[in-house]
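Q: The structure's right below; bear with me while I get my questions together.
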Protein chains: 2
Amino acid sequence: MEAHSIGTRRVAQIGILVRDIEAASAAWAKLLGCEVPPWHWTEPYDEAQTVYEGEPTPARAKLAFFHLDNVDIELIEPDEHPSTWRAWLDEHGEGVHHIAFEIEGMAARSEALSGAGWRLIQRGEYKGGRYAYFDGAPSVRAVIELLENDRR
Amino acid sequence: MEAHSIGTRRVAQIGILVRDIEAASAAWAKLLGCEVPPWHWTEPYDEAQTVYEGEPTPARAKLAFFHLDNVDIELIEPDEHPSTWRAWLDEHGEGVHHIAFEIEGMAARSEALSGAGWRLIQRGEYKGGRYAYFDGAPSVRAVIELLENDRR
């Protein structure tokens, strides 16, 4: 076991950046033969406490989730404020942005990844948990998201 | 149910294009805390019968698989012959390339997708099955791979 392994082998979400969440959701629903899910805004800054490249940002995004049998597909339409979502969309265009894993012990896992040279790109809070995007481009060739949900 | 739904809600694979499959595999193994899997070449043209944008191609790729608890992560390092892998890597760089679904009835599913306006990008055979990449960029904002494995 490496010191910075994330302690799980289960993918929680595949995150896809889109410019029009309603159009993308309708297309996924057609492909999967299911209902179009509702979308919702991420929390405002007071609750989300979003930090992008080390700076607080008021950025928010519309999110929609398809709960498939074994994994969730998350559609993300960011607003215009600075965020990794907006920067990625402007640079790469629409497409798969990250692979998310649900972990336990965000502080320790984040520290271990940082210690192994992984750059923290963005982090924030949501109702019942928190997330952190790490730049896996130099290593695993993908953005990795850690999710931690509070025990209820 | 839409006429072109794929008949499954289970993601089979997340495909990632890489330039150095051994380095990427080592990084994933560290992140997941597991052994580095072996890689193998896709079959030569006689067996793979690869067709890219309507033209036969001798393109091959090195593949490595991480069998996670709920989904496979597939690393793909293409050779220099024309393929969607090579074209994508040259245009977008390393990163997540596609989301794969295992379906039944490749011919009918492909025809339904094509009929709904989805462009077939590349298809080919492997031992025990076949695949087809469809351009989901205008609809679901991702490349979608259909996999069909023969009944054993």
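Chain labels run A, B, ... following the order of the structure tokens; each chain numbers its residues from 1, and ligands are numbered from 1 in the order shown.
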Quick one: which residues from chain B are at most 9 Å off chain A, using only C-alpha atoms, as JSON, numbers by chain?

A: {"B": [1, 2, 3, 4, 5, 6, 7, 8, 9, 10, 11, 12, 14, 16, 17, 18, 23, 24, 25, 26, 27, 28, 29, 30, 31, 32, 33, 34, 67, 68, 69, 70, 71, 92, 94, 95, 96, 97, 98, 99, 113, 137, 138, 139, 140, 141, 142, 143]}

Q: I'd like the contact shell of A:Ser83 - 12 Å cut-off, only C-alpha atoms, skipping same-chain residues fewer than 6 positions apart - returned as a list in words.

A: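 Answer for this query is Thr50, Val51, Tyr52, Glu53, Gly54, Glu55, Pro56, Thr57, Pro58, Ala59, Arg60, Ala61, Ile76, Glu77, Leu89, Asp90, Ile121, Gln122, Arg123, Gly124 and Tyr133 of chain A.
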
Q: Find the residues around B:Ala48 up to 7 Å (only C-alpha atoms counted), leave out those fewer than 4 positions away in its own chain, and share them as a list in words.

A: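 Near B:Ala48, the qualifying residues are Glu43, Pro44, Gly124, Glu125 and Tyr126 of chain B.
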
Q: What is the atom CA of B:Trp85-atom CA of B:Pro37 distance in Å, reported with one decimal?

A: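 If I compute the distance from atom CA of B:Trp85 to atom CA of B:Pro37, I get 20.7 Å.
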
Q: Go ahead and compute the interatomic distance for atom CA of B:Tyr131 and atom CA of B:Arg152, in Å to one decimal.

A: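 Between atom CA of B:Tyr131 and atom CA of B:Arg152 the gap works out to 17.2 Å.
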
Q: Could you give me the residues within stretch 89-137 of chain B that DSSP places in helix (DSSP H, G or I), as number ranges by chain?

A: B: 89-92, 106-115

Q: Hey, can you check how far atom CA of B:Ala87 sits from atom CA of B:Asp150?

A: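 We find that atom CA of B:Ala87 and atom CA of B:Asp150 lie 29.0 Å from each other.
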
Q: For A:Asn149, which residue out of A:Trp41, A:Phe101, A:Phe65, A:Trp88 is the nearest one, using only C-alpha atoms?

A: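 Under the stated criterion, the closest residue is A:Phe101.
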
Q: As number ranges by chain, please: every residue in chain A that DSSP puts in strand (DSSP E).

A: A: 11-17, 39-41, 51-52, 55-56, 61-67, 72-78, 95-102, 119-126, 129-135, 143-149
